[in-house]
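Asks: Encoded as structure tokens, here's the structure I'll be asking about.
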Amino acid sequence: MRKIKNFINGKSTSYSSNNLEIIDPSKGEQIGEVVNSNQEDFKKIITSSKNAFEKWSNITPLKRSRVLAKFKTNIEKDLDNIASIVSEEHGKTFEDARGSVIRGLEVVEFACGIPHLLKGEFSQNVGTEIDSWSLRQPLGITAGITPFNFPAMVPMWMFPISIACGNSFILKPSEKNPSCAIKLAELFQDAGLLDGVFNVLNGNKDSVNMILDSRDISSVSFVGSTPVAKYIYEKAAKNGKRVQALGGAKNHLIVMPDANLDQAVDGIIGAAYGSAGERCMAISVAVAVGSIADELVERINNKAQVLKVAPWTDKDSDMGPVISKEHKTKIENYIDIGKKEGAKLVLDGRNLKIQGYENGYFLGPTLFDEVNDSMKIYNEEIFGPVLSVVRVNRYDDALNLVNQHQFGNGTSIYTSNGEISRHFTSNCNIGMVGVNVPIPVPMSFHSFGGWKDSLFGDHAMHGMDGVRFYTKQKTVTSRWPESIASGPEFIMPRN
Ligand code: NAD
């Protein structure tokens, strides 16, 4: 059984004797335990992070970038191993896990360019012989709190950029799959990172509260469910921290009657059922516009029925289990609710049994037709392999649905009409938008973030928003004493 501790000052260490179970979702069996940190762990982490910040922030950006470049090489060498750790504790297929690690790696690649990214602005002669420039300086100790569904990628949206900017970083990963964070910390340490620049604090909400209550931590980055995101945003801001808190989603994919249906159906199948629907950018609502609905539902149903649901060790698996027994029950309850609400259950993924994995948390693809916007299954995030189809008559009705929903993470439209597509991208109130692309996740050099109840705070993750979030801007105005002599001034200086 694996025993996961914290990562403090370059070493795997823990002071608390309290542990939480790590469960393999494919088998429903305990495979390890992770420390539930106490105040002693937290104090050690703060001391370590403080000392590290003093040194690390004074190392040149170019030298920091070289450590990141070595970290990138270390991840590349260990890619399959990291992906296996993700699959083992999360349950997603190996190739999907591998892809997610690569998407995280791309943020490291972006952060390697930090000397360029931190370049300031300079203006000569803002007044007579007075120059002015702005620069960006690190915040201090920064922290990240992350969800179970991307144990490598989501932390890597945060810490490479924060650390490249000269901060120290404390990661509080999901207690459900904490091993990956420790692996990443070890690989960063092997790349020559100073002790304490990257620490990992394991545990549950108690560890989160230690972070939120601490006056030593300057910023909090959060990714997880909306109720927790709201809580983190409010509490962290009240305690004087900079905060970005990304929450849940209900992403709509609109299929126009002129869409390429083959492409649309393939897009929907991958985006709705990939990773058992446990992605914040998963498509959970397909909006069929006009006459296309019957054929769309029939084709989705035909393809969804033949998906292979199996553990990650099966190379042909299309999707694995969901994360926990509680989460499986919650999804099953939503399926009951949908039926009671009057939605048409076209494909029911409950009661799926896989030989040898009878205790695993598997659910088959589930498809509801004739869903409407008064239903709970439409309004709430289910976060499982459940797709709802809503039928509307016109494009305007589809756009209204998207715009009236509480969540605003991602959306997509399938059409061959440029005018409609341009209207949609301009007028939907959603943070990440796809045109004939089902999951429009921005690359590392753009920024990732939703609108409405999908993001609380002013900054999205990675890209230039990441650099701005993890630095404070300072503007200097300077004149040398030998330049033009002047006496005291009592009015606002003017040019
Ligand atoms: P979660 O909110 O339950 O947990 C996220 C983190 O918060 C974990 O580290 C957990 O320990 C901590 N936490 C949980 N409950 C807490 C509480 N009451 N007080 C303080 N901290 C608490 O989320 P999850 O189940 O791990 O992840 C799934 C959710 O994350 C989904 O809602 C999904 O949409 C969302 N998500 C969003 C994005 C995005 O970019 N918007 C990306 C990935 C996942």
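Here's how to read the names in the structure tokens: chain A, B, ... by the order shown, residue numbers from 1 in each chain, ligand numbers from 1 in the order shown.
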List the neighbours of Ile331 of chain A out to 7 Å using only C-alpha atoms; skip same-chain residues closer than 4 positions along the sequence, and give me the result as number ranges by chain.
Replies: A: 327, 335, 382, 384
Asks: Write the selection just made, keeping all heavy atoms, as a PDB file, in the first residue's frame?
Replies:
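Ended up saving to out-v4.pdb:
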ATOM      1  N   HIS A 327     -19.976   9.341  -5.682  1.00  0.00           N
ATOM      2  CA  HIS A 327     -20.222  10.078  -6.921  1.00  0.00           C
ATOM      3  C   HIS A 327     -21.063   9.241  -7.889  1.00  0.00           C
ATOM      4  O   HIS A 327     -21.961   9.758  -8.558  1.00  0.00           O
ATOM      5  CB  HIS A 327     -18.891  10.496  -7.558  1.00  0.00           C
ATOM      6  CG  HIS A 327     -19.067  11.503  -8.656  1.00  0.00           C
ATOM      7  ND1 HIS A 327     -19.800  12.654  -8.483  1.00  0.00           N
ATOM      8  CD2 HIS A 327     -18.642  11.526  -9.943  1.00  0.00           C
ATOM      9  CE1 HIS A 327     -19.814  13.347  -9.612  1.00  0.00           C
ATOM     10  NE2 HIS A 327     -19.128  12.683 -10.520  1.00  0.00           N
ATOM     11  N   ILE A 335     -30.079  10.337 -12.781  1.00  0.00           N
ATOM     12  CA  ILE A 335     -30.778   9.616 -13.859  1.00  0.00           C
ATOM     13  C   ILE A 335     -32.234   9.340 -13.441  1.00  0.00           C
ATOM     14  O   ILE A 335     -33.174   9.521 -14.221  1.00  0.00           O
ATOM     15  CB  ILE A 335     -30.014   8.317 -14.261  1.00  0.00           C
ATOM     16  CG1 ILE A 335     -28.595   8.690 -14.750  1.00  0.00           C
ATOM     17  CG2 ILE A 335     -30.770   7.548 -15.347  1.00  0.00           C
ATOM     18  CD1 ILE A 335     -27.659   7.541 -15.043  1.00  0.00           C
ATOM     19  N   ILE A 382     -23.780  17.439 -13.495  1.00  0.00           N
ATOM     20  CA  ILE A 382     -23.849  16.034 -13.075  1.00  0.00           C
ATOM     21  C   ILE A 382     -22.440  15.454 -12.955  1.00  0.00           C
ATOM     22  O   ILE A 382     -22.137  14.678 -12.093  1.00  0.00           O
ATOM     23  CB  ILE A 382     -24.732  15.216 -14.060  1.00  0.00           C
ATOM     24  CG1 ILE A 382     -26.162  15.774 -14.054  1.00  0.00           C
ATOM     25  CG2 ILE A 382     -24.712  13.731 -13.702  1.00  0.00           C
ATOM     26  CD1 ILE A 382     -27.113  15.147 -15.065  1.00  0.00           C
ATOM     27  N   GLY A 384     -20.700  13.379 -14.945  1.00  0.00           N
ATOM     28  CA  GLY A 384     -20.631  11.952 -15.221  1.00  0.00           C
ATOM     29  C   GLY A 384     -20.989  11.726 -16.686  1.00  0.00           C
ATOM     30  O   GLY A 384     -21.249  12.689 -17.424  1.00  0.00           O
TER      31      GLY A 384
END
Asks: Taking the chain letters and numbering used in this document, name the residues of segment 125-342 of chain A that DSSP puts in helix (DSSP H, G or I), as a PyMOL selection string.
Replies: chain A and resi 153-164+179-190+205-213+226-238+261-277+290-305+325-341
Asks: Grab me every residue within 8 Å of ligand 1, counting only C-alpha atoms and all ligand atoms, and send it over as number ranges by chain.
Replies: A: 145-150, 154, 172-176, 203-209, 222-229, 231-232, 246-249, 278-281, 381, 383, 409, 448-450, 454-455
Asks: Closest to Phe362 of chain A among A:Ala276, A:Val126, A:Val386, A:Ile182, using only C-alpha atoms?
Replies: A:Ala276
Asks: Skipping near chain neighbours, those fewer than 4 positions away, what residues fall within 12 Å of segment 419-431 of chain A using only C-alpha atoms, listed as a PDB file with N, CA, C and O atoms, in the first residue's frame?
Replies:
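Output contents, as saved in around01.pdb:
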ATOM      1  N   LEU A 246     -11.840  28.763 -10.074  1.00  0.00           N
ATOM      2  CA  LEU A 246     -12.583  28.217 -11.216  1.00  0.00           C
ATOM      3  C   LEU A 246     -13.547  27.146 -10.723  1.00  0.00           C
ATOM      4  O   LEU A 246     -13.154  26.267  -9.945  1.00  0.00           O
ATOM      5  N   ALA A 249     -19.394  23.458 -14.406  1.00  0.00           N
ATOM      6  CA  ALA A 249     -19.774  23.783 -15.784  1.00  0.00           C
ATOM      7  C   ALA A 249     -20.980  22.978 -16.233  1.00  0.00           C
ATOM      8  O   ALA A 249     -21.346  21.967 -15.608  1.00  0.00           O
ATOM      9  N   LYS A 250     -21.599  23.454 -17.297  1.00  0.00           N
ATOM     10  CA  LYS A 250     -22.642  22.697 -17.993  1.00  0.00           C
ATOM     11  C   LYS A 250     -22.498  23.159 -19.441  1.00  0.00           C
ATOM     12  O   LYS A 250     -23.111  24.152 -19.850  1.00  0.00           O
ATOM     13  N   ASN A 251     -21.645  22.511 -20.175  1.00  0.00           N
ATOM     14  CA  ASN A 251     -21.278  23.027 -21.492  1.00  0.00           C
ATOM     15  C   ASN A 251     -22.233  22.535 -22.575  1.00  0.00           C
ATOM     16  O   ASN A 251     -22.514  21.344 -22.684  1.00  0.00           O
ATOM     17  N   HIS A 252     -22.735  23.492 -23.380  1.00  0.00           N
ATOM     18  CA  HIS A 252     -23.690  23.192 -24.447  1.00  0.00           C
ATOM     19  C   HIS A 252     -22.958  23.092 -25.785  1.00  0.00           C
ATOM     20  O   HIS A 252     -22.093  23.921 -26.076  1.00  0.00           O
ATOM     21  N   LEU A 253     -23.353  22.136 -26.590  1.00  0.00           N
ATOM     22  CA  LEU A 253     -22.875  22.072 -27.976  1.00  0.00           C
ATOM     23  C   LEU A 253     -24.094  22.184 -28.888  1.00  0.00           C
ATOM     24  O   LEU A 253     -25.016  21.359 -28.800  1.00  0.00           O
ATOM     25  N   ILE A 254     -24.105  23.228 -29.703  1.00  0.00           N
ATOM     26  CA  ILE A 254     -25.258  23.473 -30.580  1.00  0.00           C
ATOM     27  C   ILE A 254     -25.006  22.803 -31.930  1.00  0.00           C
ATOM     28  O   ILE A 254     -23.928  22.965 -32.514  1.00  0.00           O
ATOM     29  N   VAL A 255     -25.994  22.062 -32.396  1.00  0.00           N
ATOM     30  CA  VAL A 255     -25.878  21.465 -33.733  1.00  0.00           C
ATOM     31  C   VAL A 255     -26.914  22.118 -34.640  1.00  0.00           C
ATOM     32  O   VAL A 255     -28.125  21.965 -34.450  1.00  0.00           O
ATOM     33  N   MET A 256     -26.409  22.873 -35.605  1.00  0.00           N
ATOM     34  CA  MET A 256     -27.297  23.551 -36.556  1.00  0.00           C
ATOM     35  C   MET A 256     -27.697  22.564 -37.664  1.00  0.00           C
ATOM     36  O   MET A 256     -26.959  21.606 -37.947  1.00  0.00           O
ATOM     37  N   PRO A 257     -28.827  22.816 -38.342  1.00  0.00           N
ATOM     38  CA  PRO A 257     -29.259  21.873 -39.380  1.00  0.00           C
ATOM     39  C   PRO A 257     -28.241  21.741 -40.523  1.00  0.00           C
ATOM     40  O   PRO A 257     -28.210  20.727 -41.209  1.00  0.00           O
ATOM     41  N   ASP A 258     -27.389  22.750 -40.711  1.00  0.00           N
ATOM     42  CA  ASP A 258     -26.401  22.676 -41.797  1.00  0.00           C
ATOM     43  C   ASP A 258     -25.052  22.123 -41.334  1.00  0.00           C
ATOM     44  O   ASP A 258     -24.051  22.212 -42.045  1.00  0.00           O
ATOM     45  N   ALA A 259     -25.018  21.560 -40.123  1.00  0.00           N
ATOM     46  CA  ALA A 259     -23.731  21.050 -39.609  1.00  0.00           C
ATOM     47  C   ALA A 259     -23.324  19.787 -40.351  1.00  0.00           C
ATOM     48  O   ALA A 259     -24.170  19.046 -40.868  1.00  0.00           O
ATOM     49  N   MET A 281     -14.721  20.634 -19.134  1.00  0.00           N
ATOM     50  CA  MET A 281     -15.054  21.066 -20.485  1.00  0.00           C
ATOM     51  C   MET A 281     -15.849  19.993 -21.233  1.00  0.00           C
ATOM     52  O   MET A 281     -16.048  20.085 -22.447  1.00  0.00           O
ATOM     53  N   ARG A 394     -35.102  27.186 -33.349  1.00  0.00           N
ATOM     54  CA  ARG A 394     -34.297  28.163 -34.068  1.00  0.00           C
ATOM     55  C   ARG A 394     -32.970  28.415 -33.348  1.00  0.00           C
ATOM     56  O   ARG A 394     -32.844  28.192 -32.135  1.00  0.00           O
ATOM     57  N   TYR A 395     -32.020  28.964 -34.112  1.00  0.00           N
ATOM     58  CA  TYR A 395     -30.707  29.321 -33.555  1.00  0.00           C
ATOM     59  C   TYR A 395     -30.847  30.254 -32.350  1.00  0.00           C
ATOM     60  O   TYR A 395     -30.166  30.078 -31.330  1.00  0.00           O
ATOM     61  N   ASP A 396     -31.734  31.245 -32.439  1.00  0.00           N
ATOM     62  CA  ASP A 396     -31.895  32.213 -31.335  1.00  0.00           C
ATOM     63  C   ASP A 396     -32.269  31.512 -30.022  1.00  0.00           C
ATOM     64  O   ASP A 396     -31.822  31.913 -28.940  1.00  0.00           O
ATOM     65  N   ASP A 397     -33.099  30.469 -30.126  1.00  0.00           N
ATOM     66  CA  ASP A 397     -33.493  29.732 -28.912  1.00  0.00           C
ATOM     67  C   ASP A 397     -32.266  29.028 -28.309  1.00  0.00           C
ATOM     68  O   ASP A 397     -32.106  28.960 -27.086  1.00  0.00           O
ATOM     69  N   ALA A 398     -31.409  28.508 -29.186  1.00  0.00           N
ATOM     70  CA  ALA A 398     -30.205  27.815 -28.709  1.00  0.00           C
ATOM     71  C   ALA A 398     -29.271  28.806 -28.011  1.00  0.00           C
ATOM     72  O   ALA A 398     -28.748  28.532 -26.920  1.00  0.00           O
ATOM     73  N   LEU A 399     -29.099  29.973 -28.636  1.00  0.00           N
ATOM     74  CA  LEU A 399     -28.231  31.001 -28.040  1.00  0.00           C
ATOM     75  C   LEU A 399     -28.786  31.443 -26.676  1.00  0.00           C
ATOM     76  O   LEU A 399     -28.020  31.605 -25.714  1.00  0.00           O
ATOM     77  N   ASN A 400     -30.108  31.594 -26.584  1.00  0.00           N
ATOM     78  CA  ASN A 400     -30.713  31.983 -25.300  1.00  0.00           C
ATOM     79  C   ASN A 400     -30.441  30.969 -24.213  1.00  0.00           C
ATOM     80  O   ASN A 400     -30.162  31.316 -23.066  1.00  0.00           O
ATOM     81  N   LEU A 401     -30.540  29.685 -24.577  1.00  0.00           N
ATOM     82  CA  LEU A 401     -30.269  28.636 -23.585  1.00  0.00           C
ATOM     83  C   LEU A 401     -28.854  28.800 -23.036  1.00  0.00           C
ATOM     84  O   LEU A 401     -28.640  28.791 -21.818  1.00  0.00           O
ATOM     85  N   VAL A 402     -27.912  28.940 -23.950  1.00  0.00           N
ATOM     86  CA  VAL A 402     -26.499  29.064 -23.553  1.00  0.00           C
ATOM     87  C   VAL A 402     -26.328  30.278 -22.639  1.00  0.00           C
ATOM     88  O   VAL A 402     -25.691  30.207 -21.584  1.00  0.00           O
ATOM     89  N   ASN A 403     -26.942  31.381 -23.041  1.00  0.00           N
ATOM     90  CA  ASN A 403     -26.706  32.632 -22.308  1.00  0.00           C
ATOM     91  C   ASN A 403     -27.439  32.699 -20.980  1.00  0.00           C
ATOM     92  O   ASN A 403     -27.011  33.409 -20.076  1.00  0.00           O
ATOM     93  N   GLN A 404     -28.534  31.935 -20.861  1.00  0.00           N
ATOM     94  CA  GLN A 404     -29.285  32.017 -19.609  1.00  0.00           C
ATOM     95  C   GLN A 404     -28.804  31.025 -18.558  1.00  0.00           C
ATOM     96  O   GLN A 404     -29.221  31.067 -17.411  1.00  0.00           O
ATOM     97  N   HIS A 405     -27.932  30.123 -18.943  1.00  0.00           N
ATOM     98  CA  HIS A 405     -27.474  29.119 -17.975  1.00  0.00           C
ATOM     99  C   HIS A 405     -26.535  29.753 -16.959  1.00  0.00           C
ATOM    100  O   HIS A 405     -25.801  30.683 -17.280  1.00  0.00           O
ATOM    101  N   GLN A 406     -26.583  29.237 -15.713  1.00  0.00           N
ATOM    102  CA  GLN A 406     -25.732  29.832 -14.662  1.00  0.00           C
ATOM    103  C   GLN A 406     -24.237  29.652 -14.955  1.00  0.00           C
ATOM    104  O   GLN A 406     -23.411  30.477 -14.547  1.00  0.00           O
ATOM    105  N   PHE A 407     -23.895  28.560 -15.646  1.00  0.00           N
ATOM    106  CA  PHE A 407     -22.467  28.310 -15.881  1.00  0.00           C
ATOM    107  C   PHE A 407     -22.024  28.921 -17.204  1.00  0.00           C
ATOM    108  O   PHE A 407     -22.826  29.043 -18.138  1.00  0.00           O
ATOM    109  N   GLY A 408     -20.756  29.245 -17.307  1.00  0.00           N
ATOM    110  CA  GLY A 408     -20.249  29.855 -18.541  1.00  0.00           C
ATOM    111  C   GLY A 408     -18.840  29.403 -18.865  1.00  0.00           C
ATOM    112  O   GLY A 408     -17.995  30.211 -19.254  1.00  0.00           O
ATOM    113  N   ASN A 409     -18.588  28.095 -18.687  1.00  0.00           N
ATOM    114  CA  ASN A 409     -17.214  27.634 -18.919  1.00  0.00           C
ATOM    115  C   ASN A 409     -16.901  27.521 -20.406  1.00  0.00           C
ATOM    116  O   ASN A 409     -16.150  28.296 -20.969  1.00  0.00           O
ATOM    117  N   GLY A 410     -17.515  26.508 -21.080  1.00  0.00           N
ATOM    118  CA  GLY A 410     -17.252  26.308 -22.503  1.00  0.00           C
ATOM    119  C   GLY A 410     -18.533  26.105 -23.280  1.00  0.00           C
ATOM    120  O   GLY A 410     -19.589  25.805 -22.704  1.00  0.00           O
ATOM    121  N   THR A 411     -18.450  26.300 -24.582  1.00  0.00           N
ATOM    122  CA  THR A 411     -19.569  25.990 -25.463  1.00  0.00           C
ATOM    123  C   THR A 411     -19.012  25.793 -26.864  1.00  0.00           C
ATOM    124  O   THR A 411     -17.861  26.124 -27.134  1.00  0.00           O
ATOM    125  N   SER A 412     -19.873  25.239 -27.723  1.00  0.00           N
ATOM    126  CA  SER A 412     -19.408  24.994 -29.078  1.00  0.00           C
ATOM    127  C   SER A 412     -20.597  25.015 -30.033  1.00  0.00           C
ATOM    128  O   SER A 412     -21.726  24.728 -29.634  1.00  0.00           O
ATOM    129  N   ILE A 413     -20.315  25.390 -31.274  1.00  0.00           N
ATOM    130  CA  ILE A 413     -21.367  25.334 -32.285  1.00  0.00           C
ATOM    131  C   ILE A 413     -20.856  24.560 -33.496  1.00  0.00           C
ATOM    132  O   ILE A 413     -19.696  24.731 -33.895  1.00  0.00           O
ATOM    133  N   TYR A 414     -21.693  23.687 -34.019  1.00  0.00           N
ATOM    134  CA  TYR A 414     -21.373  22.980 -35.256  1.00  0.00           C
ATOM    135  C   TYR A 414     -22.271  23.537 -36.355  1.00  0.00           C
ATOM    136  O   TYR A 414     -23.502  23.456 -36.269  1.00  0.00           O
ATOM    137  N   THR A 415     -21.656  24.127 -37.353  1.00  0.00           N
ATOM    138  CA  THR A 415     -22.400  24.735 -38.451  1.00  0.00           C
ATOM    139  C   THR A 415     -21.456  24.916 -39.636  1.00  0.00           C
ATOM    140  O   THR A 415     -20.235  24.935 -39.463  1.00  0.00           O
ATOM    141  N   VAL A 435     -15.844  26.479 -32.544  1.00  0.00           N
ATOM    142  CA  VAL A 435     -16.622  26.415 -33.784  1.00  0.00           C
ATOM    143  C   VAL A 435     -16.188  25.137 -34.495  1.00  0.00           C
ATOM    144  O   VAL A 435     -15.008  25.002 -34.872  1.00  0.00           O
ATOM    145  N   ASN A 436     -17.078  24.191 -34.567  1.00  0.00           N
ATOM    146  CA  ASN A 436     -16.788  22.861 -35.114  1.00  0.00           C
ATOM    147  C   ASN A 436     -15.630  22.179 -34.373  1.00  0.00           C
ATOM    148  O   ASN A 436     -14.909  21.354 -34.933  1.00  0.00           O
ATOM    149  N   VAL A 437     -15.435  22.591 -33.120  1.00  0.00           N
ATOM    150  CA  VAL A 437     -14.432  22.000 -32.220  1.00  0.00           C
ATOM    151  C   VAL A 437     -15.194  21.717 -30.927  1.00  0.00           C
ATOM    152  O   VAL A 437     -15.759  22.639 -30.342  1.00  0.00           O
ATOM    153  N   PRO A 440     -13.144  23.270 -26.677  1.00  0.00           N
ATOM    154  CA  PRO A 440     -12.201  24.343 -27.030  1.00  0.00           C
ATOM    155  C   PRO A 440     -11.304  24.767 -25.864  1.00  0.00           C
ATOM    156  O   PRO A 440     -11.375  25.901 -25.384  1.00  0.00           O
ATOM    157  N   VAL A 441     -10.443  23.856 -25.427  1.00  0.00           N
ATOM    158  CA  VAL A 441      -9.527  24.174 -24.325  1.00  0.00           C
ATOM    159  C   VAL A 441      -8.365  24.999 -24.881  1.00  0.00           C
ATOM    160  O   VAL A 441      -7.661  24.535 -25.774  1.00  0.00           O
ATOM    161  N   PRO A 442      -8.167  26.204 -24.387  1.00  0.00           N
ATOM    162  CA  PRO A 442      -7.081  27.026 -24.926  1.00  0.00           C
ATOM    163  C   PRO A 442      -5.696  26.418 -24.644  1.00  0.00           C
ATOM    164  O   PRO A 442      -5.502  25.766 -23.617  1.00  0.00           O
ATOM    165  N   SER A 447      -5.215  31.807 -22.379  1.00  0.00           N
ATOM    166  CA  SER A 447      -5.602  31.597 -20.979  1.00  0.00           C
ATOM    167  C   SER A 447      -6.891  30.794 -20.889  1.00  0.00           C
ATOM    168  O   SER A 447      -7.760  30.902 -21.756  1.00  0.00           O
ATOM    169  N   PHE A 448      -6.990  29.981 -19.820  1.00  0.00           N
ATOM    170  CA  PHE A 448      -8.131  29.092 -19.611  1.00  0.00           C
ATOM    171  C   PHE A 448      -9.028  29.656 -18.520  1.00  0.00           C
ATOM    172  O   PHE A 448      -8.589  29.822 -17.390  1.00  0.00           O
ATOM    173  N   GLY A 449     -10.280  29.919 -18.867  1.00  0.00           N
ATOM    174  CA  GLY A 449     -11.180  30.373 -17.810  1.00  0.00           C
ATOM    175  C   GLY A 449     -12.581  30.610 -18.333  1.00  0.00           C
ATOM    176  O   GLY A 449     -12.766  31.042 -19.472  1.00  0.00           O
ATOM    177  N   GLY A 450     -13.566  30.317 -17.492  1.00  0.00           N
ATOM    178  CA  GLY A 450     -14.957  30.520 -17.883  1.00  0.00           C
ATOM    179  C   GLY A 450     -15.489  31.846 -17.387  1.00  0.00           C
ATOM    180  O   GLY A 450     -14.748  32.667 -16.819  1.00  0.00           O
ATOM    181  N   TRP A 451     -16.780  32.051 -17.601  1.00  0.00           N
ATOM    182  CA  TRP A 451     -17.488  33.231 -17.121  1.00  0.00           C
ATOM    183  C   TRP A 451     -18.579  32.772 -16.143  1.00  0.00           C
ATOM    184  O   TRP A 451     -18.765  31.596 -15.911  1.00  0.00           O
ATOM    185  N   LYS A 452     -19.337  33.714 -15.660  1.00  0.00           N
ATOM    186  CA  LYS A 452     -20.478  33.473 -14.768  1.00  0.00           C
ATOM    187  C   LYS A 452     -20.057  32.586 -13.577  1.00  0.00           C
ATOM    188  O   LYS A 452     -18.983  32.800 -13.015  1.00  0.00           O
ATOM    189  N   ASP A 453     -20.845  31.566 -13.238  1.00  0.00           N
ATOM    190  CA  ASP A 453     -20.516  30.775 -12.047  1.00  0.00           C
ATOM    191  C   ASP A 453     -19.401  29.761 -12.285  1.00  0.00           C
ATOM    192  O   ASP A 453     -19.180  28.864 -11.465  1.00  0.00           O
ATOM    193  N   SER A 454     -18.712  29.894 -13.393  1.00  0.00           N
ATOM    194  CA  SER A 454     -17.580  29.000 -13.660  1.00  0.00           C
ATOM    195  C   SER A 454     -16.244  29.630 -13.298  1.00  0.00           C
ATOM    196  O   SER A 454     -15.208  28.950 -13.378  1.00  0.00           O
ATOM    197  N   LEU A 455     -16.245  30.902 -12.942  1.00  0.00           N
ATOM    198  CA  LEU A 455     -14.979  31.517 -12.502  1.00  0.00           C
ATOM    199  C   LEU A 455     -15.254  32.723 -11.607  1.00  0.00           C
ATOM    200  O   LEU A 455     -16.004  33.614 -11.978  1.00  0.00           O
ATOM    201  N   HIS A 459      -8.794  36.805 -13.066  1.00  0.00           N
ATOM    202  CA  HIS A 459      -7.804  36.210 -13.967  1.00  0.00           C
ATOM    203  C   HIS A 459      -8.119  34.753 -14.274  1.00  0.00           C
ATOM    204  O   HIS A 459      -8.502  34.007 -13.376  1.00  0.00           O
ATOM    205  N   ALA A 460      -7.896  34.393 -15.519  1.00  0.00           N
ATOM    206  CA  ALA A 460      -7.975  32.985 -15.908  1.00  0.00           C
ATOM    207  C   ALA A 460      -6.624  32.325 -15.618  1.00  0.00           C
ATOM    208  O   ALA A 460      -5.713  32.965 -15.098  1.00  0.00           O
ATOM    209  N   MET A 461      -6.524  31.045 -15.960  1.00  0.00           N
ATOM    210  CA  MET A 461      -5.275  30.314 -15.675  1.00  0.00           C
ATOM    211  C   MET A 461      -4.354  30.348 -16.891  1.00  0.00           C
ATOM    212  O   MET A 461      -4.802  30.365 -18.032  1.00  0.00           O
TER     213      MET A 461
END
Asks: Between A:Leu296, A:Ile114, A:Ala282, A:Val309, which is the closest to Val67 of chain A once you count only C-alpha atoms?
Replies: A:Ile114
Asks: Please measure the separation of atom CA of Ala181 of chain A and atom CA of Ser221 of chain A, giving the value in Å to one decimal.
Replies: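 Between atom CA of Ala181 of chain A and atom CA of Ser221 of chain A the gap works out to 15.5 Å.
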Asks: Could you name the residues that touch Met1 of chain A at 12 Å or less, counting only C-alpha atoms, but leaving out those on the same chain fewer than 4 positions away, as a PyMOL selection string?
Replies: chain A and resi 21-24+29-34
Asks: Select, from A:Asn167, A:Ser134, A:Ser162, A:Ser123, the residue with the minimum atom-to-atom distance to Gly463 of chain A, counting only C-alpha atoms.
Replies: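 Closest residue, counting only C-alpha atoms: A:Ser162.
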Asks: Excluding Leu135 of chain A and its own-chain neighbours fewer than 5 positions away, which residues fall within 8 Å of it when counting only C-alpha atoms? Please give them as a PyMOL selection string.
Replies: chain A and resi 118-121+473-475
Asks: Fewer than 3 positions away in the same chain doesn't count, so skip those; otherwise give me all residues within 7 Å of Glu40 of chain A, counting only C-alpha atoms, as an NGL selection string.
Replies: :A and (15 or 43-44)
Asks: Taking only C-alpha atoms into account, name the residue in A:Asn372, A:Asn38, A:Ser49, A:Thr313 that is nearest to Ser14 of chain A.
Replies: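 For Ser14 of chain A, the nearest of the candidates is A:Asn38.
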Asks: Quick one: residues within 9 Å of Ala69 of chain A, only C-alpha atoms, excluding same-chain residues fewer than 6 positions away - as number ranges by chain?
Replies: A: 108-109, 111-112, 191
Asks: Would you mind telling me which residue in A:Lys5, A:Lys50, A:Arg215, A:His446 lies nearest to Gly240 of chain A when using only C-alpha atoms?
Replies: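 Residue with the minimum atom-to-atom distance to Gly240 of chain A: A:Arg215.
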